[in-house]
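Here is the structure we will look at, set down as C-alpha cells.
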Amino acid sequence: MDAQIWYAIYSTILGGIHGAFSHLGEIRTLGMLRSRFEAVPAAFSDRLVPSSKEEPGRIDVEADSSERKDIAKFSQMWNEFIDSMRIEDLISHRERNLLLVPYSSSKGSVVQWPPFLLASKIPVALDMAKDFKGTDDAELFSRIKIDDYMQSAVIECYETLKYILVELLSDPGEKLIIDQIGDKVSTSIQAQSFLTDFRMSGMPLLNDKLEKFLNLLLDDFENTVVQEAQIINVLQDIMEIITQDVMTHGHGILENSHSPHMDNRSDKKEQKFERININLVYNESWREKVVRLHLLLTVKESAINVPMNLEARRRITFFTNSLFMRMPYAPKVRNMLSFSVLTPYFKEDVLYSDEELNRENEDGISILFYLQNIYPDEWTNFEERIEDPKLVSVSKDKKELIREWVSYRGQTLYRTVRGMMYYRQALELQCFLEDAGDRAIFSGYRAEKKGTDHLQALADMKFTYVVSCQIYGVQKKSSQDRDRSCYNNILNLMLRYHSLRVAYIDEREEKVNGKPEKFYYSVLVKGGEKLDEEVYRIKLPGPPTEIGEGKPENQNHAIIFTRGEALQTIDMNQDNYLEEAFKMRNVLEEFVKRRRKQRKPTILGLREHIFTGSVSSLAWFMSNQETSFVTIGQRILANPLRVRFHYGHPDIFDRIFHLTRGGISKASKTINLSEDIFSGFNSTLRQGYITHHEYIQVGKGRDVGMNQISLFEAKVANGNGEQTLSRDVYRLGRRFDFYRMLSFYFTTVGFYFSSMVTVLTVYVFLYGRLYMVLSGLERSILDEPNIHSSKAALEEALATQSVFQLGLLLVLPMVMEIGLERGFRTALGHFIIMQLQLASVFFTFQLGTKAHYFGRTILHGGSKYRATGRGFVVFHAKYADNYRLYSRSHFVKGLELLILLIVYEVYGESYRSSKLYFFVTFSMWFLVASWLFAPFVFNPSGFEWQKTVDDWTDWKRWMGNRGGIGIQPEKSWESWWDGEQEHLKHTNIRGRVLEIVLAFRFFLYQYGIVYHLDISHHVTSFLVYGLSWVVMATVLVVLKMVSMGRRRFGTDFQLMFRILKGLLFLGFISVMTVLFVVCGLTVSDLFAAVLAFMPTGWALLLIGQAFRPLFGRIGLWESIKELGRAYEYVMGLIIFMPIVVLSWFPFVSEFQARLLFNQAFSRGLQISMILHGRKDTISS
C-alpha cells in the first residue's frame, strides 16, 4: 500500500514536469489562443507541411510572399476543420463565419485574420474616432495601432468595402469616383491631414447605412428587381453620406466626374450609381467578402466566447496547442508510411432507429428528448443546418437526419466510421496542398478540388479501413428486425464511404462425399452500386470465435485484409476528429525514428479524450480517472519506466513486426480475457519498443451508469487476475531488471493486488481487534503500566494512517494533469466539486469491485467477458437489479464489516476515553457506508417514494419466484443464486478448501460473544459454547419444520399447518419466559445473540455451498437453499430500510438529482423535468 502511494507521488511530480516540458496546456483557453494565433500559421507550416527543401525552385521567395502562402495553406486546413465542426453541429452558421480564415489573403495589404479575432474592433475604432477631439492624425492612428488586430480590421474593412463597391458598379465613371475617393484618403494620410479632410462625426451614420447595404446584399429576394432597386437606393445614400457628411470637399469629386455614357444621352439624364451588376450576389467568392465585412461591422460584442460549445473550444485549443509540441516533421503524402485502421464489431448499435429514438422509458423519457436537453446548443445548430441546402443532401428526409444526429452522440458504429474516414479526407487535402500551384492555393481547396481523381487514388493507396463485423453474414440472412437493421445500416456505410471494407465470418454448409459439412470462411466485402460486393474469401480451419475469445478472434481473422506498414486498432465506441487526422503522417514518422540502442518503436501509444464526461457525475468521475491514466499515467509508463504496454485502442502497431510475431491479439479462452494488454506483453517479450505520444488524440466513449461502470471494473479486475496467473507475466518478471520489474508490477497486476490487500487489511485489523476484545486480551494488556507510556504514540500513528486510507493521495496524478491542461485553479475546483459530489464514495465502492473480482479470479479462476452496454443511462435501476449485481461483491462484505465494527464498539475498551477513536475507525465506517449504499445514491430517482414502493414489490416477487431450467436470473432468486455459485462448480480442491477455511472466521463471533452474555454469568467453561450450538441447532430445526410444513401442509392441510405454527409460537414464548425468569436472560442478550448466531448461520451456508455435491446426494441441499433465502430476505430488508426512510423526504430526491447531474445542470439541463417525464422542454 505504501509503495502504491509513493508511486502516485512519484508519477505526479515526474509526469507533471515531463508534461510541462512537452508544452502541454500552453494554450488552454480562448484568450490564450487569441494572444498566440498570429504564430499558429507558422507553426502549422513548420509541423504539418512538408519542408520546402523538398520543393526545388520554390526556395527563393520573398519573405512576405512566403508568409502569405503559409497562411493560405493554413487557411485551407483551418477552414476544413471549422466546416467539419459545423457539419457536426458543434458551432452555428454565425460562429463558423466568425472562425473562418479567408482563402484570398494575398489581395490585401494586411493579413486577413478570422473575424473572431477582429470582432468589436471596428465599432470600438469608430467610437474612438467619433469622440476624438484633436486634429493630430498621428495621435488617433497611434491609438488604433496599439492593438494590432484593430489596425488590421480597419485597413481590411476599408480595402474590402472599396473592392465590393468597385466590383458592384457597372459604370466605369462611377468606378473612377470610388478610385478618386480612395486616392483622397491615401493622400490625406500621407499629408497628415486626414482629420482635416474627413469629418469623423459622420462615421456612425455611414456605418448604419453600410450595415443596411450589406444586409440587402446577403438577403435572399424572390424578386431580383426589387432587391436591385433597394440596393441602388441605399448605395446612393452611402455615396451621399461619404461625399457630403464625411468628406470636407467631397462634392467636388461628384461634379468633376462625368460618365461617357451620360454625355452621349440626349433624351434622358440618369442619376449616378444606378447601374450595378446584381448577378454578383450569386458569386460565392464575392459573397464571402460581403459576409466577412458584415461581420466586422456588425459584431459589436467581444467574440471571446466564440465558440460557445465546450467541445468545440476544447478541440480548437488542443489542436493549436499541439502545433507547438515536439513532433516529427511531415513527409509528403507519397512518401509517408501507408496504414490501415481495424475496428472489431459484434452486434452493437450501428444507427438508432426511429423506434429506439422515440421509445419512452418508465419515466416517459425518450433518447431523443434526453439528448435534446443534454445538448441544447447542438440541437439548435442541427435545426439551423438542415435548413441550409448547401450542407444537407436533398435526398435525406428529416427523420433520417435526426437518427444520424442522435447516433453521432452515442457510442455507435456510425460515429466511429465517420471519425475514421476523416483520415482519407485529410490525406486528400494534404495531397492538394502539396501539388497545387499558387493560384489554386489562394482560390481555395473546395473551389479547386473538382476533377482531382488522383487525390483520391493517392489517399486510397495510403489508407485502408476495415471493420470486422463478426456476424455480418448472419445478420444478412436473418429475419429478425434488429439484425436486418444492422445489416442495412452497415451496407449504407459501405455505400456512403467507398473506401470502407467489411470483413466477416461466413458459415456455409457444403456436401463432401454426399454428406453435408459446415465450412467457415473469412470474407471481405465492399460497397457496390446498391449492394455489397465480395472482394476476397479465405477458407478457415474452423469457427475461430468458438475456439478463442470473441473479440480478439474477430480481429485476428480480419487482420489479413489490412494493408500497409502500420495498423491502428480502433474500438467501435471511439471517435476521430478531422484536425487530428492531419497529424497522422507525423505520428507514423515515429516508426522511422531510431531511439535507445538504435531501436525503432513497434507500438505507438496515443492519448484519448473521453467524450462521455458531460452526461452525469459518474461519467465525469470516470472521464477524469480515464483521462489521468491515458495521459500522465501512460506518459510515465513509457518514459522513464519503459513498462507501457497496449491498454486498448487506439494504439498504432508496426504491422509487419506483429504479423510475423504472433499478431496483435492473443485469444485463448479465459486467460486472454484482457486481450489488449497481452499484445503489449508479446511485443515487449519479442524485443519490441513501445512509446507514447500526446500531440494527437482520439475520442473514446466510456460507461456512464453505475451498473455499467461496475461491470467494466469487474471485467478489468477479472482480466488482471488472469494476467497474474499467465505465463506472459512470469516471463516478463524474469527478464526485467529489478527496478523495471517493480515498475511493471505496481502499474499492472500489483495495483489490483494492492487494492485487495487494502481491503484485507481492514479485515485483519478488525478481526484481530475482535479477538482481543472478546478474549479479554486487550483489557489485560491495557492494565499493564508499561503500556500507558506508548499508548498515545500508537494512537497517533493509527490516526495518521486512517487519513491516508481515504485514498486522497491516489488522486494526485488526476489533479496534476487537469492542472497542466486547464490550469491549477480549475484542477482545485474540480477536485473540490468531485468531493462534494461524493466521488470518494464512488471510488471506494469501486475499490470493493476490484478486490472482489480480482480475489475470486485468483482463488477460483473462470473469468468471463461481461457485456457492459454502451447506451444512454437515463433510467432508474430497480432494487432487485442492484441487489443481484452487488450482493456478493459489496453487500455481504459491507454487512460483515458493519457487524465487526458494532461488536468492536460495543465490547471494545481501548479507545473509549480517546479523542482519536473516531479517526481510527472513520475510514472503515466510510467504507461500509459506501459499499452498502453507493448503488442507491448514484441511481437516478433512487429516493423517489413511488419508485421505492415499486422496487420493494418487484424485489419480493423476484425473491418468491421458483427457479428451474430456462428461468433467467432476472426472473427468479433461485436461478440467480445458482448462478452466483458458478465459480464453485469449476474450481479445484484447493479453491474449495480455501472457501471452507475462510468461512470459519464467522464462528469467531459466536465463540467470543456467548461468554459475554449475562445469562452465562461469566462462566468460562467450554460447556457454554457447547450449549450455544444446541441453541443454534434448535433454531435450524424449527426453521426446517416450518419450511417442510409450508410445502406439505400449506395447501391441502391449511388448518394443520396453522396449528403447527401456533404450537411453535407457544413453545417459543414458554422457553423465553423460563430463560428470562429462571436463567437471568436480559434484553441485551437477545441483541448480542443475533450478533453471535447470524454469522454462524452464514458460515454454515458457505460450507454447504462448497460441499454442494455431497449435500445434494444426502438430500440436504433444499435446506441449504431455504437457509440462503432466509438470509437474503434479512440482508435485503436491512439494506432497504434506510432507503425507505430517506424516500419519505422529498428534498432527498431533489438533492440526489443535483448530485448526479451537476455537470448537466451547468450546461442548462433541467434534469428534474427529464426524470419526471414532463415534456415541457426547455425553450431553445
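If you're wondering about the labels, chains in the C-alpha cells are A, B, ... by order shown, residues count from 1 in each chain, ligands from 1 in order shown.
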Residue set, segment 369-528 of chain A restricted to strand (DSSP E), as number ranges by chain: A: 463-469, 500-512, 515-527
For those residues, write C-alpha atoms to a file as a tab-separated table (two decimals), in the first residue's frame.
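Result file is selection-v3.tsv:
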chain	number	residue	atom	x	y	z
A	463	PHE	CA	-5.18	4.46	-46.14
A	464	THR	CA	-7.41	1.40	-45.69
A	465	TYR	CA	-10.25	0.99	-43.23
A	466	VAL	CA	-11.54	-2.48	-42.33
A	467	VAL	CA	-14.46	-3.06	-39.97
A	468	SER	CA	-14.58	-6.66	-38.78
A	469	CYS	CA	-18.31	-7.27	-38.43
A	500	LEU	CA	-14.65	1.24	-46.34
A	501	ARG	CA	-14.25	-2.55	-46.23
A	502	VAL	CA	-16.19	-5.01	-44.07
A	503	ALA	CA	-14.80	-8.40	-43.02
A	504	TYR	CA	-16.96	-11.13	-41.55
A	505	ILE	CA	-17.02	-14.86	-40.80
A	506	ASP	CA	-19.24	-16.74	-43.22
A	507	GLU	CA	-20.64	-20.16	-42.35
A	508	ARG	CA	-21.66	-22.42	-45.24
A	509	GLU	CA	-22.94	-25.93	-45.45
A	510	GLU	CA	-21.41	-27.91	-48.32
A	511	LYS	CA	-21.62	-31.54	-49.30
A	512	VAL	CA	-18.49	-33.67	-49.11
A	515	LYS	CA	-22.62	-35.68	-46.59
A	516	PRO	CA	-23.31	-32.10	-45.50
A	517	GLU	CA	-20.46	-30.44	-43.63
A	518	LYS	CA	-20.02	-26.91	-42.29
A	519	PHE	CA	-17.22	-24.76	-43.63
A	520	TYR	CA	-16.08	-21.37	-42.41
A	521	TYR	CA	-14.67	-18.51	-44.46
A	522	SER	CA	-13.20	-15.13	-43.72
A	523	VAL	CA	-14.81	-12.77	-46.25
A	524	LEU	CA	-14.07	-9.18	-47.25
A	525	VAL	CA	-16.76	-7.08	-48.97
A	526	LYS	CA	-17.06	-3.51	-50.20
A	527	GLY	CA	-19.89	-1.29	-51.34
Report as a PyMOL selection string all protein, DNA and RNA residues lying within 12 Å of segment 707-711 of chain A, evaluated on only C-alpha atoms, omitting residues in the same chain fewer than 2 positions from it. chain A and resi 618-623+626+701-705+713-718+842-850+852-853+864-873+875-879+881-886+889-890+934-936+938-940
Within 8 Å of segment 981-992 of chain A, counting only C-alpha atoms, which residues qualify if same-chain residues fewer than 3 places away don't, as an MDAnalysis selection string? chainID A and resid 859:862 977:978 995:996 1105:1106
From segment 407-517 of chain A, collect each residue whose DSSP state is helix (DSSP H, G or I) and return the set as a PyMOL selection string. chain A and resi 407+413-420+422-435+438-443+445-448+453-462+472-477+481-496
For C-alpha atoms, I'd like the residues from the last selection saved as a short mmCIF file (atom, residue, chain, number, x, y, z; two decimals), in the first residue's frame.
data_model
loop_
_atom_site.label_atom_id
_atom_site.label_comp_id
_atom_site.auth_asym_id
_atom_site.auth_seq_id
_atom_site.Cartn_x
_atom_site.Cartn_y
_atom_site.Cartn_z
CA SER A 407 -26.26 8.28 -33.33
CA LEU A 413 -20.53 2.29 -35.26
CA TYR A 414 -21.84 5.18 -37.36
CA ARG A 415 -19.90 7.64 -35.23
CA THR A 416 -16.74 5.56 -35.33
CA VAL A 417 -16.77 5.10 -39.12
CA ARG A 418 -17.38 8.81 -39.73
CA GLY A 419 -14.45 9.65 -37.48
CA MET A 420 -12.05 7.19 -39.08
CA TYR A 422 -11.58 11.76 -41.66
CA TYR A 423 -8.15 10.21 -42.33
CA ARG A 424 -8.99 9.93 -46.01
CA GLN A 425 -10.39 13.46 -46.15
CA ALA A 426 -7.25 14.82 -44.52
CA LEU A 427 -5.00 12.94 -46.94
CA GLU A 428 -6.86 14.37 -49.93
CA LEU A 429 -6.41 17.91 -48.64
CA GLN A 430 -2.73 17.30 -47.91
CA CYS A 431 -2.22 15.99 -51.44
CA PHE A 432 -3.91 19.13 -52.78
CA LEU A 433 -1.67 21.45 -50.75
CA GLU A 434 1.44 19.66 -51.99
CA ASP A 435 0.55 19.57 -55.69
CA ASP A 438 -0.20 29.40 -56.07
CA ARG A 439 -3.42 30.31 -57.88
CA ALA A 440 -5.18 27.15 -56.69
CA ILE A 441 -3.98 27.60 -53.12
CA PHE A 442 -5.20 31.19 -52.97
CA SER A 443 -8.50 30.21 -54.61
CA TYR A 445 -9.47 23.79 -51.74
CA ARG A 446 -13.23 23.47 -52.23
CA ALA A 447 -13.14 25.61 -55.39
CA GLU A 448 -10.30 23.63 -56.96
CA ASP A 453 -9.24 11.98 -59.04
CA HIS A 454 -5.53 11.45 -58.41
CA LEU A 455 -6.01 12.90 -54.89
CA GLN A 456 -8.50 10.15 -54.06
CA ALA A 457 -6.31 7.49 -55.68
CA LEU A 458 -3.27 8.54 -53.66
CA ALA A 459 -5.33 8.67 -50.46
CA ASP A 460 -6.62 5.14 -51.13
CA MET A 461 -3.05 3.92 -51.61
CA LYS A 462 -2.06 5.24 -48.18
CA TYR A 472 -22.49 -9.60 -40.73
CA GLY A 473 -23.27 -12.73 -42.75
CA VAL A 474 -25.73 -13.95 -40.13
CA GLN A 475 -27.38 -10.52 -39.96
CA LYS A 476 -27.66 -10.50 -43.74
CA LYS A 477 -29.62 -13.76 -43.74
CA ASP A 481 -35.80 -6.81 -37.33
CA ARG A 482 -32.72 -5.77 -35.33
CA ASP A 483 -30.35 -7.95 -37.38
CA ARG A 484 -31.81 -6.69 -40.65
CA SER A 485 -31.50 -3.13 -39.41
CA CYS A 486 -27.83 -3.63 -38.51
CA TYR A 487 -27.14 -5.20 -41.91
CA ASN A 488 -28.82 -2.37 -43.82
CA ASN A 489 -27.04 0.30 -41.78
CA ILE A 490 -23.63 -1.32 -42.34
CA LEU A 491 -24.42 -1.63 -46.05
CA ASN A 492 -25.34 2.07 -46.16
CA LEU A 493 -22.00 2.90 -44.57
CA MET A 494 -20.19 0.99 -47.32
CA LEU A 495 -22.22 2.75 -49.99
CA ARG A 496 -21.50 6.16 -48.45
#
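Here the question is which of A:Asp354, A:His251, A:Tyr163, A:Gly173 gets nearest to Val290 of chain A using only C-alpha atoms, and that residue is A:Tyr163.
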From A:Asp1085, A:Glu301, A:Asp676, A:Asp46, residue lying nearest Val124 of chain A [only C-alpha atoms]: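 Looking only at the distances to Val124 of chain A, the closest residue turns out to be A:Glu301.
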When you count only C-alpha atoms, which of these residues is closest to Val49 of chain A: A:Met247, A:Leu351, A:Arg585, A:Arg28?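 Residue with the minimum atom-to-atom distance to Val49 of chain A: A:Arg585.
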Nearest residue to Asp70 of chain A out of A:His249, A:Arg143, A:Arg47, A:Lys396, using only C-alpha atoms?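 Using only C-alpha atoms, Asp70 of chain A sits closest to A:Arg47.
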Would you mind listing what lies within 9 Å of Val757 of chain A as a PDB file with N, CA, C and O atoms, in the first residue's frame, with only C-alpha atoms counted and same-chain residues fewer than 4 positions away left out?
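The resulting file, result_7.pdb, is reproduced below:
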ATOM      1  N   MET A   1       0.828  -1.196   0.000  1.00  0.00           N
ATOM      2  CA  MET A   1       0.000   0.000   0.000  1.00  0.00           C
ATOM      3  C   MET A   1       0.868   1.255   0.000  1.00  0.00           C
ATOM      4  O   MET A   1       0.614   2.194  -0.757  1.00  0.00           O
ATOM      5  N   TYR A 752      -3.955  -4.013  -8.572  1.00  0.00           N
ATOM      6  CA  TYR A 752      -5.134  -4.751  -8.130  1.00  0.00           C
ATOM      7  C   TYR A 752      -4.815  -5.587  -6.899  1.00  0.00           C
ATOM      8  O   TYR A 752      -5.675  -5.749  -6.018  1.00  0.00           O
ATOM      9  N   PHE A 753      -3.601  -6.096  -6.827  1.00  0.00           N
ATOM     10  CA  PHE A 753      -3.217  -6.830  -5.629  1.00  0.00           C
ATOM     11  C   PHE A 753      -3.194  -5.892  -4.418  1.00  0.00           C
ATOM     12  O   PHE A 753      -3.640  -6.261  -3.329  1.00  0.00           O
ATOM     13  N   THR A 761      -6.575  -5.770   4.722  1.00  0.00           N
ATOM     14  CA  THR A 761      -6.011  -5.127   5.907  1.00  0.00           C
ATOM     15  C   THR A 761      -7.109  -4.705   6.866  1.00  0.00           C
ATOM     16  O   THR A 761      -6.968  -4.837   8.091  1.00  0.00           O
ATOM     17  N   VAL A 762      -8.202  -4.201   6.316  1.00  0.00           N
ATOM     18  CA  VAL A 762      -9.338  -3.829   7.165  1.00  0.00           C
ATOM     19  C   VAL A 762      -9.877  -5.065   7.878  1.00  0.00           C
ATOM     20  O   VAL A 762     -10.176  -5.026   9.086  1.00  0.00           O
ATOM     21  N   ALA A 851     -11.353  -5.519  -5.643  1.00  0.00           N
ATOM     22  CA  ALA A 851     -10.867  -6.523  -4.701  1.00  0.00           C
ATOM     23  C   ALA A 851     -11.647  -7.825  -4.820  1.00  0.00           C
ATOM     24  O   ALA A 851     -11.056  -8.923  -4.804  1.00  0.00           O
TER      25      ALA A 851
END
Quick one: pull the distance between atom CA of Ser1143 of chain A and atom CA of Lys947 of chain A, Å, one decimal.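 Here the two named atoms are 9.2 Å from each other.
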Taken to one decimal, the atom CA of Val1083 of chain A-atom CA of Ala1099 of chain A distance is 25.3 Å
Given only C-alpha atoms as the basis, pick out the residue of A:Gln372, A:Ser683, A:Asn573, A:Ser674 nearest to Ile603 of chain A. A:Ser683
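Ranking A:Glu156, A:Leu99, A:Leu604, A:Ile9 by their shortest atom-to-atom distance to Gly688 of chain A, with only C-alpha atoms included, puts A:Leu604 first.
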Exercise: segment 181-191 of chain A partners within 8 Å, only C-alpha atoms, chain neighbours under 6 positions left out, as a PyMOL selection string: chain A and resi 137+162+197+253
Residues from the last selection, N, CA, C and O atoms, saved as a compact mmCIF listing (two decimals), in the first residue's frame:
# COMPACT_ATOMS: atom_id res chain seq x y z
N ASP A 137 -3.43 63.70 -36.71
CA ASP A 137 -3.65 62.34 -37.23
C ASP A 137 -2.83 61.30 -36.48
O ASP A 137 -3.31 60.19 -36.19
N LYS A 162 -14.03 49.06 -50.52
CA LYS A 162 -13.64 49.63 -51.81
C LYS A 162 -13.76 48.58 -52.92
O LYS A 162 -14.29 48.84 -54.00
N ASP A 197 -9.48 66.69 -43.71
CA ASP A 197 -10.20 66.43 -44.94
C ASP A 197 -11.44 65.54 -44.75
O ASP A 197 -12.29 65.46 -45.64
N ILE A 253 -15.75 66.07 -56.12
CA ILE A 253 -15.46 64.82 -56.85
C ILE A 253 -16.64 64.45 -57.73
O ILE A 253 -16.48 64.04 -58.88
Which residues come within 12 Å of Cys1079 of chain A, counting only C-alpha atoms, excluding same-chain residues fewer than 3 positions away, as a PyMOL selection string? chain A and resi 1013-1017+1071-1076+1082+1085
Atom CA of Leu98 of chain A to atom CA of Ala119 of chain A, straight-line distance in Å: 8.1 Å
